[in-house]
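Trainee: Just run-v3.pdb, nothing more (PDB, C-alpha atoms (C1' of nucleotides)):
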```pdb
MODEL        1
ATOM      1  CA  MET H 323      25.635  25.642 -15.440  1.00  0.00           C
ATOM      2  CA  ALA H 324      28.502  24.788 -13.142  1.00  0.00           C
ATOM      3  CA  ARG H 325      31.329  27.271 -13.291  1.00  0.00           C
ATOM      4  CA  HIS H 326      33.971  24.596 -13.387  1.00  0.00           C
ATOM      5  CA  GLY H 327      31.925  21.838 -14.935  1.00  0.00           C
ATOM      6  CA  ARG H 328      32.533  19.915 -18.117  1.00  0.00           C
ATOM      7  CA  ARG H 329      30.590  21.626 -20.824  1.00  0.00           C
ATOM      8  CA  VAL H 330      30.598  19.556 -23.958  1.00  0.00           C
ATOM      9  CA  LEU H 331      30.679  21.927 -26.923  1.00  0.00           C
ATOM     10  CA  ARG H 332      27.409  21.755 -28.791  1.00  0.00           C
ATOM     11  CA  THR H 333      26.878  22.095 -32.490  1.00  0.00           C
ATOM     12  CA  ASP H 334      25.928  25.778 -32.194  1.00  0.00           C
ATOM     13  CA  PHE H 335      29.484  26.569 -31.101  1.00  0.00           C
ATOM     14  CA  PHE H 336      30.731  25.526 -34.517  1.00  0.00           C
ATOM     15  CA  ARG H 337      27.988  27.236 -36.497  1.00  0.00           C
ATOM     16  CA  ARG H 338      29.983  30.471 -36.739  1.00  0.00           C
ATOM     17  CA  PRO H 339      32.778  31.762 -38.981  1.00  0.00           C
ATOM     18  CA  ALA H 340      35.762  29.422 -39.070  1.00  0.00           C
ATOM     19  CA  ALA H 341      38.255  32.040 -37.863  1.00  0.00           C
ATOM     20  CA  LEU H 342      36.137  32.681 -34.770  1.00  0.00           C
ATOM     21  CA  VAL H 343      35.726  28.988 -34.070  1.00  0.00           C
ATOM     22  CA  ALA H 344      39.480  28.499 -34.520  1.00  0.00           C
ATOM     23  CA  ARG H 345      40.237  31.303 -32.064  1.00  0.00           C
ATOM     24  CA  GLU H 346      37.777  30.049 -29.484  1.00  0.00           C
ATOM     25  CA  LEU H 347      38.954  26.445 -29.662  1.00  0.00           C
ATOM     26  CA  LEU H 348      42.222  27.566 -28.038  1.00  0.00           C
ATOM     27  CA  GLY H 349      42.082  26.525 -24.398  1.00  0.00           C
ATOM     28  CA  ILE H 350      39.294  24.039 -25.031  1.00  0.00           C
ATOM     29  CA  GLU H 351      39.888  20.414 -24.054  1.00  0.00           C
ATOM     30  CA  LEU H 352      39.903  17.774 -26.742  1.00  0.00           C
ATOM     31  CA  VAL H 353      38.648  14.597 -25.117  1.00  0.00           C
ATOM     32  CA  ARG H 354      39.412  11.163 -26.518  1.00  0.00           C
ATOM     33  CA  ASN H 355      37.650   8.111 -25.189  1.00  0.00           C
ATOM     34  CA  GLN H 356      39.049   4.792 -26.336  1.00  0.00           C
ATOM     35  CA  ASP H 357      39.491   1.374 -24.796  1.00  0.00           C
ATOM     36  CA  GLY H 358      41.790   2.687 -22.070  1.00  0.00           C
ATOM     37  CA  GLY H 359      39.275   5.279 -20.906  1.00  0.00           C
ATOM     38  CA  PRO H 360      39.066   9.014 -21.521  1.00  0.00           C
ATOM     39  CA  THR H 361      42.078  11.265 -21.838  1.00  0.00           C
ATOM     40  CA  SER H 362      42.073  14.945 -22.618  1.00  0.00           C
ATOM     41  CA  SER H 363      44.441  17.682 -23.671  1.00  0.00           C
ATOM     42  CA  ILE H 364      44.151  21.410 -24.162  1.00  0.00           C
ATOM     43  CA  ILE H 365      44.044  22.729 -27.712  1.00  0.00           C
ATOM     44  CA  THR H 366      47.008  25.024 -28.349  1.00  0.00           C
ATOM     45  CA  GLU H 367      47.041  25.536 -32.111  1.00  0.00           C
ATOM     46  CA  THR H 368      44.385  25.716 -34.830  1.00  0.00           C
ATOM     47  CA  GLU H 369      43.934  26.950 -38.361  1.00  0.00           C
ATOM     48  CA  ALA H 370      40.795  28.228 -40.057  1.00  0.00           C
ATOM     49  CA  TYR H 371      39.969  27.092 -43.565  1.00  0.00           C
ATOM     50  CA  GLU H 372      37.178  29.101 -45.089  1.00  0.00           C
ATOM     51  CA  GLY H 373      34.846  28.269 -47.926  1.00  0.00           C
ATOM     52  CA  PRO H 374      35.449  27.900 -51.667  1.00  0.00           C
ATOM     53  CA  HIS H 375      36.797  31.475 -51.894  1.00  0.00           C
ATOM     54  CA  ASP H 376      39.740  30.463 -49.671  1.00  0.00           C
ATOM     55  CA  LEU H 377      42.223  28.977 -52.131  1.00  0.00           C
ATOM     56  CA  ALA H 378      44.023  27.113 -49.347  1.00  0.00           C
ATOM     57  CA  SER H 379      40.820  25.322 -48.381  1.00  0.00           C
ATOM     58  CA  HIS H 380      39.972  21.905 -49.776  1.00  0.00           C
ATOM     59  CA  SER H 381      36.501  23.222 -50.541  1.00  0.00           C
ATOM     60  CA  SER H 382      37.996  25.614 -53.112  1.00  0.00           C
ATOM     61  CA  ARG H 383      38.644  22.549 -55.290  1.00  0.00           C
ATOM     62  CA  GLY H 384      34.949  21.807 -55.384  1.00  0.00           C
ATOM     63  CA  ARG H 385      32.618  19.316 -53.782  1.00  0.00           C
ATOM     64  CA  THR H 386      34.099  15.836 -54.035  1.00  0.00           C
ATOM     65  CA  ARG H 387      33.752  12.629 -52.070  1.00  0.00           C
ATOM     66  CA  ARG H 388      36.592  13.663 -49.800  1.00  0.00           C
ATOM     67  CA  THR H 389      35.287  17.167 -49.134  1.00  0.00           C
ATOM     68  CA  GLU H 390      31.647  16.155 -48.764  1.00  0.00           C
ATOM     69  CA  VAL H 391      31.780  16.592 -44.982  1.00  0.00           C
ATOM     70  CA  MET H 392      33.055  20.169 -45.342  1.00  0.00           C
ATOM     71  CA  PHE H 393      29.954  21.088 -47.326  1.00  0.00           C
ATOM     72  CA  GLY H 394      27.628  19.668 -44.683  1.00  0.00           C
ATOM     73  CA  PRO H 395      26.557  20.946 -41.255  1.00  0.00           C
ATOM     74  CA  ALA H 396      28.938  22.429 -38.689  1.00  0.00           C
ATOM     75  CA  GLY H 397      30.367  20.471 -35.797  1.00  0.00           C
ATOM     76  CA  ARG H 398      31.327  17.329 -37.708  1.00  0.00           C
ATOM     77  CA  PHE H 399      34.785  15.820 -37.791  1.00  0.00           C
ATOM     78  CA  TYR H 400      36.520  16.095 -41.130  1.00  0.00           C
ATOM     79  CA  VAL H 401      39.393  13.599 -41.159  1.00  0.00           C
ATOM     80  CA  TYR H 402      41.570  13.005 -44.175  1.00  0.00           C
ATOM     81  CA  LEU H 403      44.941  11.486 -45.038  1.00  0.00           C
ATOM     82  CA  VAL H 404      47.704  13.688 -46.406  1.00  0.00           C
ATOM     83  CA  TYR H 405      50.951  12.587 -48.071  1.00  0.00           C
ATOM     84  CA  GLY H 406      49.720   9.022 -47.848  1.00  0.00           C
ATOM     85  CA  LEU H 407      50.833   8.984 -44.212  1.00  0.00           C
ATOM     86  CA  HIS H 408      49.217  11.439 -41.874  1.00  0.00           C
ATOM     87  CA  TRP H 409      45.673  11.832 -40.601  1.00  0.00           C
ATOM     88  CA  MET H 410      44.465  15.414 -40.231  1.00  0.00           C
ATOM     89  CA  LEU H 411      41.703  16.251 -37.748  1.00  0.00           C
ATOM     90  CA  ASN H 412      39.323  19.097 -38.543  1.00  0.00           C
ATOM     91  CA  VAL H 413      35.903  20.123 -37.343  1.00  0.00           C
ATOM     92  CA  THR H 414      33.464  21.766 -39.728  1.00  0.00           C
ATOM     93  CA  ALA H 415      32.341  25.352 -39.145  1.00  0.00           C
ATOM     94  CA  GLY H 416      29.746  27.837 -40.369  1.00  0.00           C
ATOM     95  CA  GLU H 417      26.386  27.170 -41.929  1.00  0.00           C
ATOM     96  CA  PRO H 418      25.704  24.184 -44.208  1.00  0.00           C
ATOM     97  CA  GLY H 419      27.157  25.017 -47.607  1.00  0.00           C
ATOM     98  CA  ASP H 420      29.813  27.353 -46.189  1.00  0.00           C
ATOM     99  CA  ALA H 421      32.260  24.481 -46.587  1.00  0.00           C
ATOM    100  CA  ALA H 422      34.572  25.759 -43.856  1.00  0.00           C
ATOM    101  CA  ALA H 423      36.548  23.884 -41.230  1.00  0.00           C
ATOM    102  CA  VAL H 424      39.128  24.249 -38.480  1.00  0.00           C
ATOM    103  CA  LEU H 425      42.287  22.144 -38.437  1.00  0.00           C
ATOM    104  CA  ILE H 426      43.440  21.069 -34.979  1.00  0.00           C
ATOM    105  CA  ARG H 427      47.229  21.523 -35.153  1.00  0.00           C
ATOM    106  CA  GLY H 428      48.477  21.355 -31.589  1.00  0.00           C
ATOM    107  CA  LEU H 429      47.535  19.839 -28.242  1.00  0.00           C
ATOM    108  CA  GLY H 430      49.292  20.545 -24.974  1.00  0.00           C
ATOM    109  CA  ALA H 431      52.616  18.777 -25.202  1.00  0.00           C
ATOM    110  CA  VAL H 432      51.895  17.354 -28.640  1.00  0.00           C
ATOM    111  CA  SER H 433      52.993  19.649 -31.444  1.00  0.00           C
ATOM    112  CA  GLY H 434      52.017  18.999 -35.037  1.00  0.00           C
ATOM    113  CA  PRO H 435      48.724  17.913 -36.582  1.00  0.00           C
ATOM    114  CA  ALA H 436      49.878  14.445 -37.605  1.00  0.00           C
ATOM    115  CA  ARG H 437      51.597  13.670 -34.313  1.00  0.00           C
ATOM    116  CA  LEU H 438      48.382  14.682 -32.591  1.00  0.00           C
ATOM    117  CA  THR H 439      46.212  12.243 -34.526  1.00  0.00           C
ATOM    118  CA  THR H 440      48.785   9.485 -34.056  1.00  0.00           C
ATOM    119  CA  ALA H 441      48.874  10.096 -30.302  1.00  0.00           C
ATOM    120  CA  LEU H 442      45.088  10.003 -30.044  1.00  0.00           C
ATOM    121  CA  GLY H 443      44.511   7.113 -32.417  1.00  0.00           C
ATOM    122  CA  ILE H 444      42.459   9.221 -34.806  1.00  0.00           C
ATOM    123  CA  ASP H 445      41.691   8.019 -38.308  1.00  0.00           C
ATOM    124  CA  ASP H 446      38.894   8.298 -40.840  1.00  0.00           C
ATOM    125  CA  SER H 447      36.572   6.077 -38.834  1.00  0.00           C
ATOM    126  CA  LEU H 448      35.634   9.386 -37.179  1.00  0.00           C
ATOM    127  CA  ASN H 449      35.070  11.228 -40.440  1.00  0.00           C
ATOM    128  CA  GLY H 450      31.650  12.855 -40.591  1.00  0.00           C
ATOM    129  CA  LEU H 451      30.681  12.126 -36.970  1.00  0.00           C
ATOM    130  CA  GLU H 452      29.122  14.860 -34.852  1.00  0.00           C
ATOM    131  CA  ALA H 453      31.488  16.247 -32.248  1.00  0.00           C
ATOM    132  CA  ALA H 454      28.609  16.962 -29.850  1.00  0.00           C
ATOM    133  CA  LYS H 455      27.538  13.296 -29.821  1.00  0.00           C
ATOM    134  CA  GLN H 456      30.667  12.208 -27.926  1.00  0.00           C
ATOM    135  CA  ASN H 457      31.484   9.329 -30.264  1.00  0.00           C
ATOM    136  CA  GLY H 458      34.868   8.768 -28.644  1.00  0.00           C
ATOM    137  CA  LEU H 459      36.069  12.277 -29.477  1.00  0.00           C
ATOM    138  CA  TRP H 460      34.634  15.617 -28.431  1.00  0.00           C
ATOM    139  CA  PHE H 461      35.375  19.101 -27.132  1.00  0.00           C
ATOM    140  CA  GLU H 462      34.847  20.405 -23.600  1.00  0.00           C
ATOM    141  CA  ASP H 463      34.929  23.902 -22.205  1.00  0.00           C
ATOM    142  CA  ARG H 464      36.386  23.683 -18.722  1.00  0.00           C
ATOM    143  CA  GLY H 465      36.386  27.387 -18.127  1.00  0.00           C
ATOM    144  CA  HIS H 466      39.981  28.019 -19.126  1.00  0.00           C
ATOM    145  CA  VAL H 467      39.995  31.662 -20.199  1.00  0.00           C
ATOM    146  CA  VAL H 468      42.348  32.603 -23.006  1.00  0.00           C
ATOM    147  CA  ALA H 469      42.976  36.347 -23.027  1.00  0.00           C
ATOM    148  CA  PRO H 470      43.635  38.114 -26.340  1.00  0.00           C
ATOM    149  CA  ARG H 471      47.275  38.770 -25.419  1.00  0.00           C
ATOM    150  CA  GLN H 472      47.840  35.016 -25.057  1.00  0.00           C
ATOM    151  CA  VAL H 473      46.876  34.425 -28.683  1.00  0.00           C
ATOM    152  CA  LEU H 474      49.369  34.588 -31.521  1.00  0.00           C
ATOM    153  CA  ARG H 475      47.995  34.907 -35.050  1.00  0.00           C
ATOM    154  CA  SER H 476      50.061  33.988 -38.050  1.00  0.00           C
ATOM    155  CA  ALA H 477      49.938  32.640 -41.569  1.00  0.00           C
ATOM    156  CA  ARG H 478      48.868  29.036 -42.065  1.00  0.00           C
ATOM    157  CA  ILE H 479      51.480  26.323 -42.510  1.00  0.00           C
ATOM    158  CA  GLY H 480      52.141  24.481 -45.755  1.00  0.00           C
ATOM    159  CA  VAL H 481      49.586  26.223 -47.969  1.00  0.00           C
ATOM    160  CA  GLU H 482      51.885  27.983 -50.445  1.00  0.00           C
ATOM    161  CA  TYR H 483      49.986  26.282 -53.260  1.00  0.00           C
ATOM    162  CA  ALA H 484      47.142  28.723 -52.574  1.00  0.00           C
ATOM    163  CA  GLY H 485      49.144  31.751 -53.743  1.00  0.00           C
ATOM    164  CA  PRO H 486      50.435  34.753 -51.787  1.00  0.00           C
ATOM    165  CA  LYS H 487      47.100  36.244 -50.779  1.00  0.00           C
ATOM    166  CA  TRP H 488      45.741  33.148 -49.092  1.00  0.00           C
ATOM    167  CA  THR H 489      49.124  31.997 -47.828  1.00  0.00           C
ATOM    168  CA  ARG H 490      49.625  35.263 -45.941  1.00  0.00           C
ATOM    169  CA  LYS H 491      46.176  35.437 -44.345  1.00  0.00           C
ATOM    170  CA  LYS H 492      46.489  35.211 -40.597  1.00  0.00           C
ATOM    171  CA  LEU H 493      44.194  32.261 -40.012  1.00  0.00           C
ATOM    172  CA  ARG H 494      46.491  30.282 -37.691  1.00  0.00           C
ATOM    173  CA  PHE H 495      45.915  30.659 -33.968  1.00  0.00           C
ATOM    174  CA  VAL H 496      48.498  29.618 -31.371  1.00  0.00           C
ATOM    175  CA  LEU H 497      48.306  29.723 -27.599  1.00  0.00           C
ATOM    176  CA  LYS H 498      51.456  31.567 -26.523  1.00  0.00           C
ATOM    177  CA  GLY H 499      53.805  29.583 -24.346  1.00  0.00           C
ATOM    178  CA  SER H 500      52.784  26.343 -26.009  1.00  0.00           C
ATOM    179  CA  VAL H 501      55.292  26.695 -28.825  1.00  0.00           C
ATOM    180  CA  ARG H 502      59.004  26.809 -28.383  1.00  0.00           C
TER     181      ARG H 502
ATOM    182  C1'  DG G 652      67.151  21.083 -47.712  1.00  0.00           C
ATOM    183  C1'  DC G 653      64.150  17.052 -49.222  1.00  0.00           C
ATOM    184  C1'  DA G 654      62.501  11.852 -49.395  1.00  0.00           C
ATOM    185  C1'  DG G 655      58.859   8.995 -48.065  1.00  0.00           C
ATOM    186  C1'  DT G 656      54.111   7.654 -48.886  1.00  0.00           C
ATOM    187  C1'  DG G 657      49.575   6.397 -51.092  1.00  0.00           C
ATOM    188  C1'  DA G 658      44.696   8.252 -51.442  1.00  0.00           C
ATOM    189  C1'  DT G 659      42.390  11.394 -54.270  1.00  0.00           C
ATOM    190  C1'  DC G 660      41.065  13.702 -58.301  1.00  0.00           C
ATOM    191  C1'  DA G 661      41.371  15.414 -63.084  1.00  0.00           C
ATOM    192  C1'  DT G 662      42.203  13.894 -67.506  1.00  0.00           C
ATOM    193  C1'  DA G 663      41.574  10.462 -71.037  1.00  0.00           C
TER     194       DA G 663
ATOM    195  C1'  DA B 340      44.737   3.877 -66.699  1.00  0.00           C
ATOM    196  C1'  DT B 341      47.977   7.481 -65.678  1.00  0.00           C
ATOM    197  C1'  DG B 342      50.042  11.341 -63.479  1.00  0.00           C
ATOM    198  C1'  DA B 343      50.094  15.396 -60.361  1.00  0.00           C
ATOM    199  C1'  DT B 344      49.205  16.875 -56.066  1.00  0.00           C
ATOM    200  C1'  DC B 345      49.474  17.006 -51.206  1.00  0.00           C
ATOM    201  C1'  DA B 346      46.532  21.560 -44.558  1.00  0.00           C
ATOM    202  C1'  DC B 347      53.420  16.595 -42.680  1.00  0.00           C
ATOM    203  C1'  DT B 348      57.330  14.620 -40.425  1.00  0.00           C
ATOM    204  C1'  DG B 349      61.896  13.351 -39.662  1.00  0.00           C
ATOM    205  C1'  DC B 350      66.231  13.091 -41.193  1.00  0.00           C
ATOM    206  C1'  DC B 351      70.334  15.186 -43.813  1.00  0.00           C
TER     207       DC B 351
ENDMDL
END
```
Please express the file's structure as structure tokens.

Mentor:
Amino acid sequence: MARHGRRVLRTDFFRRPAALVARELLGIELVRNQDGGPTSSIITETEAYEGPHDLASHSSRGRTRRTEVMFGPAGRFYVYLVYGLHWMLNVTAGEPGDAAAVLIRGLGAVSGPARLTTALGIDDSLNGLEAAKQNGLWFEDRGHVVAPRQVLRSARIGVEYAGPKWTRKKLRFVLKGSVR
DNA sequence: GCAGTGATCATA
DNA sequence: ATGATCACTGCC
């Protein structure tokens, strides 16, 4: 493999615990290919959502039409609308049935999960698609090394409904220097 | 601090 | 059919 090549992340990358996938997605390029050609940005913020035991995770509310993708194989986009306004981009993690996913919350200059999907033109037409298949949206490892001291861990945003235990869990990962 | 916004899901 | 909820943003 080329040291500075474009390595498209394969499904195996995602078939690991969500917190690990969330950590390792920092520094990875998110590539969007639309009519105007491909653009890419570095991932600077993520959050892990674990399986049904994680009360902040959609999968804790059971298997429904919306959460069906979470219960399936890893490495699929899970895209849903929140507050009737904002698309959220996730990628599924773990083994089938783990029902875990990672929310992509920040990209280079773009801060905020809804502003990110708006900027990239992401909606539910991508829901359920395999990231590794490069269906207009995928992840690439370009060899950008993120050292442990560059990573800030904190509580997840906007999940107070899950109660103190799951609200306080440090499942948010931020690339230092990307947040003001 | 909180309004806007509408799909989703539980309840009936 | 109805009502509560909501992994956010932007404005006050």

Trainee: Pull the neighbourhood of (40.9, 28.7, -25.3) for me: all residues within 9 Å in file coordinates, counting all atoms listed in the file, as JSON, numbers by chain.

Mentor: {"H": [345, 346, 347, 348, 349, 350, 351, 364, 365, 366, 463, 465, 466, 467, 468, 469, 473, 497]}

Trainee: Taking all atoms listed in the file into account, what are the residues of chain H at most 6 Å from chain G, put as a VMD selection string?

Mentor: chain H and resid 405 to 407

Trainee: Work out how far apart CA of Thr414 in chain H and CA of Gly358 in chain H are and give it in Å to one decimal.

Mentor: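 Value for the CA of Thr414 in chain H-CA of Gly358 in chain H distance: 27.3 Å.
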
Trainee: Given the file shown, determine the residues that the PyMOL selection byres ((chain B) within 12 of (chain H)) selects; report them as a PDB file with C-alpha atoms (C1' of nucleotides), keeping the file's coordinate frame.

Mentor:
```
ATOM      1  C1'  DT B 344      49.205  16.875 -56.066  1.00  0.00           C
ATOM      2  C1'  DC B 345      49.474  17.006 -51.206  1.00  0.00           C
ATOM      3  C1'  DA B 346      46.532  21.560 -44.558  1.00  0.00           C
ATOM      4  C1'  DC B 347      53.420  16.595 -42.680  1.00  0.00           C
ATOM      5  C1'  DT B 348      57.330  14.620 -40.425  1.00  0.00           C
ATOM      6  C1'  DG B 349      61.896  13.351 -39.662  1.00  0.00           C
TER       7       DG B 349
END
```

Trainee: Please indicate the distance in Å from CA of Val330 in chain H to CA of Arg387 in chain H, rounded to one decimal place.

Mentor: 29.1 Å

Trainee: Counting all atoms listed in the file, which residues come within 9 Å of (46.4, 12.0, -28.7), with the point read in the file's coordinates, and could you list them as a list in words?

Mentor: Leu352, Val353, Arg354, Thr361, Ser362, Ser363, Leu429, Val432, Arg437, Leu438, Thr439, Thr440, Ala441, Leu442, Gly443 and Ile444 of chain H

Trainee: Keeping only C-alpha atoms, take the residues you just selected and write them out as a short mmCIF file (atom, residue, chain, number, x, y, z; two decimals), keeping the file's coordinate frame.

Mentor:
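Final output, again_18.cif:
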```
data_model
loop_
_atom_site.label_atom_id
_atom_site.label_comp_id
_atom_site.auth_asym_id
_atom_site.auth_seq_id
_atom_site.Cartn_x
_atom_site.Cartn_y
_atom_site.Cartn_z
CA LEU H 352 39.90 17.77 -26.74
CA VAL H 353 38.65 14.60 -25.12
CA ARG H 354 39.41 11.16 -26.52
CA THR H 361 42.08 11.26 -21.84
CA SER H 362 42.07 14.94 -22.62
CA SER H 363 44.44 17.68 -23.67
CA LEU H 429 47.54 19.84 -28.24
CA VAL H 432 51.90 17.35 -28.64
CA ARG H 437 51.60 13.67 -34.31
CA LEU H 438 48.38 14.68 -32.59
CA THR H 439 46.21 12.24 -34.53
CA THR H 440 48.78 9.48 -34.06
CA ALA H 441 48.87 10.10 -30.30
CA LEU H 442 45.09 10.00 -30.04
CA GLY H 443 44.51 7.11 -32.42
CA ILE H 444 42.46 9.22 -34.81
#
```

Trainee: Measuring between only C-alpha atoms, which one of H:Thr368, H:Thr333, H:Gln456, H:Pro374 shows the shortest distance to Pro395 in chain H?

Mentor: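 Of the candidates, the smallest distance to Pro395 in chain H is held by H:Thr333.
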
Trainee: For the atom pair CA of Asp376 in chain H and CA of Leu331 in chain H, what is the interatomic distance in Å to one decimal place?

Mentor: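 It comes out at 25.9 Å.
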
Trainee: Got a sec: who's within 10 Å of Asp334 in chain H, counting only C-alpha atoms (C1' of nucleotides), leaving out chain neighbours fewer than 6 positions off, as an MDAnalysis selection string?

Mentor: chainID H and resid 396:397 415:417 454

Trainee: How big is the axis-aligned box, and where does its centre sit, when it encloses all atoms of range 334-349 of chain H listed in the file and has 5 Å added on every side, reported in Å to one decimal as JSON?

Mentor:
```
{"center_x": 34.1, "center_y": 29.1, "center_z": -31.7, "size_x": 26.3, "size_y": 17.2, "size_z": 24.7}
```

Trainee: If I only have part of range 408-431 of chain H, can you fill in N, CA and C atoms and write it as a tab-separated table (two decimals), in the coordinates of the input?

Mentor:
```
chain	number	residue	atom	x	y	z
H	408	HIS	N	49.62	10.74	-43.09
H	408	HIS	CA	49.22	11.44	-41.87
H	408	HIS	C	47.73	11.79	-41.86
H	409	TRP	N	47.07	11.43	-40.77
H	409	TRP	CA	45.67	11.83	-40.60
H	409	TRP	C	45.61	13.26	-40.10
H	410	MET	N	44.70	14.04	-40.67
H	410	MET	CA	44.46	15.41	-40.23
H	410	MET	C	43.08	15.48	-39.62
H	411	LEU	N	42.99	16.10	-38.44
H	411	LEU	CA	41.70	16.25	-37.75
H	411	LEU	C	41.19	17.68	-37.88
H	412	ASN	N	40.01	17.81	-38.44
H	412	ASN	CA	39.32	19.10	-38.54
H	412	ASN	C	37.93	18.95	-37.96
H	413	VAL	N	37.33	20.11	-37.68
H	413	VAL	CA	35.90	20.12	-37.34
H	413	VAL	C	35.25	21.19	-38.23
H	414	THR	N	34.10	20.85	-38.78
H	414	THR	CA	33.46	21.77	-39.73
H	414	THR	C	32.87	22.97	-39.00
H	415	ALA	N	32.81	24.10	-39.73
H	415	ALA	CA	32.34	25.35	-39.15
H	415	ALA	C	31.37	26.04	-40.09
H	416	GLY	N	30.65	27.02	-39.56
H	416	GLY	CA	29.75	27.84	-40.37
H	416	GLY	C	28.40	27.18	-40.59
H	417	GLU	N	27.69	27.71	-41.57
H	417	GLU	CA	26.39	27.17	-41.93
H	417	GLU	C	26.56	26.10	-43.01
H	418	PRO	N	25.60	25.18	-43.13
H	418	PRO	CA	25.70	24.18	-44.21
H	418	PRO	C	25.91	24.88	-45.56
H	419	GLY	N	26.85	24.39	-46.33
H	419	GLY	CA	27.16	25.02	-47.61
H	419	GLY	C	28.31	25.99	-47.54
H	420	ASP	N	28.65	26.47	-46.33
H	420	ASP	CA	29.81	27.35	-46.19
H	420	ASP	C	31.10	26.63	-46.51
H	421	ALA	N	31.11	25.32	-46.25
H	421	ALA	CA	32.26	24.48	-46.59
H	421	ALA	C	33.53	24.97	-45.92
H	422	ALA	N	33.43	25.28	-44.64
H	422	ALA	CA	34.57	25.76	-43.86
H	422	ALA	C	34.89	24.75	-42.76
H	423	ALA	N	36.14	24.81	-42.28
H	423	ALA	CA	36.55	23.88	-41.23
H	423	ALA	C	37.73	24.46	-40.46
H	424	VAL	N	37.98	23.85	-39.30
H	424	VAL	CA	39.13	24.25	-38.48
H	424	VAL	C	40.02	23.04	-38.28
H	425	LEU	N	41.29	23.20	-38.64
H	425	LEU	CA	42.29	22.14	-38.44
H	425	LEU	C	42.84	22.24	-37.03
H	426	ILE	N	42.85	21.11	-36.32
H	426	ILE	CA	43.44	21.07	-34.98
H	426	ILE	C	44.92	20.72	-35.16
H	427	ARG	N	45.80	21.67	-34.85
H	427	ARG	CA	47.23	21.52	-35.15
H	427	ARG	C	48.10	21.24	-33.95
H	428	GLY	N	47.62	21.55	-32.76
H	428	GLY	CA	48.48	21.36	-31.59
H	428	GLY	C	47.67	21.10	-30.34
H	429	LEU	N	48.22	20.27	-29.46
H	429	LEU	CA	47.54	19.84	-28.24
H	429	LEU	C	48.54	19.80	-27.11
H	430	GLY	N	48.42	20.63	-26.14
H	430	GLY	CA	49.29	20.54	-24.97
H	430	GLY	C	50.73	20.26	-25.36
H	431	ALA	N	51.23	19.13	-24.93
H	431	ALA	CA	52.62	18.78	-25.20
H	431	ALA	C	52.82	18.32	-26.64
```
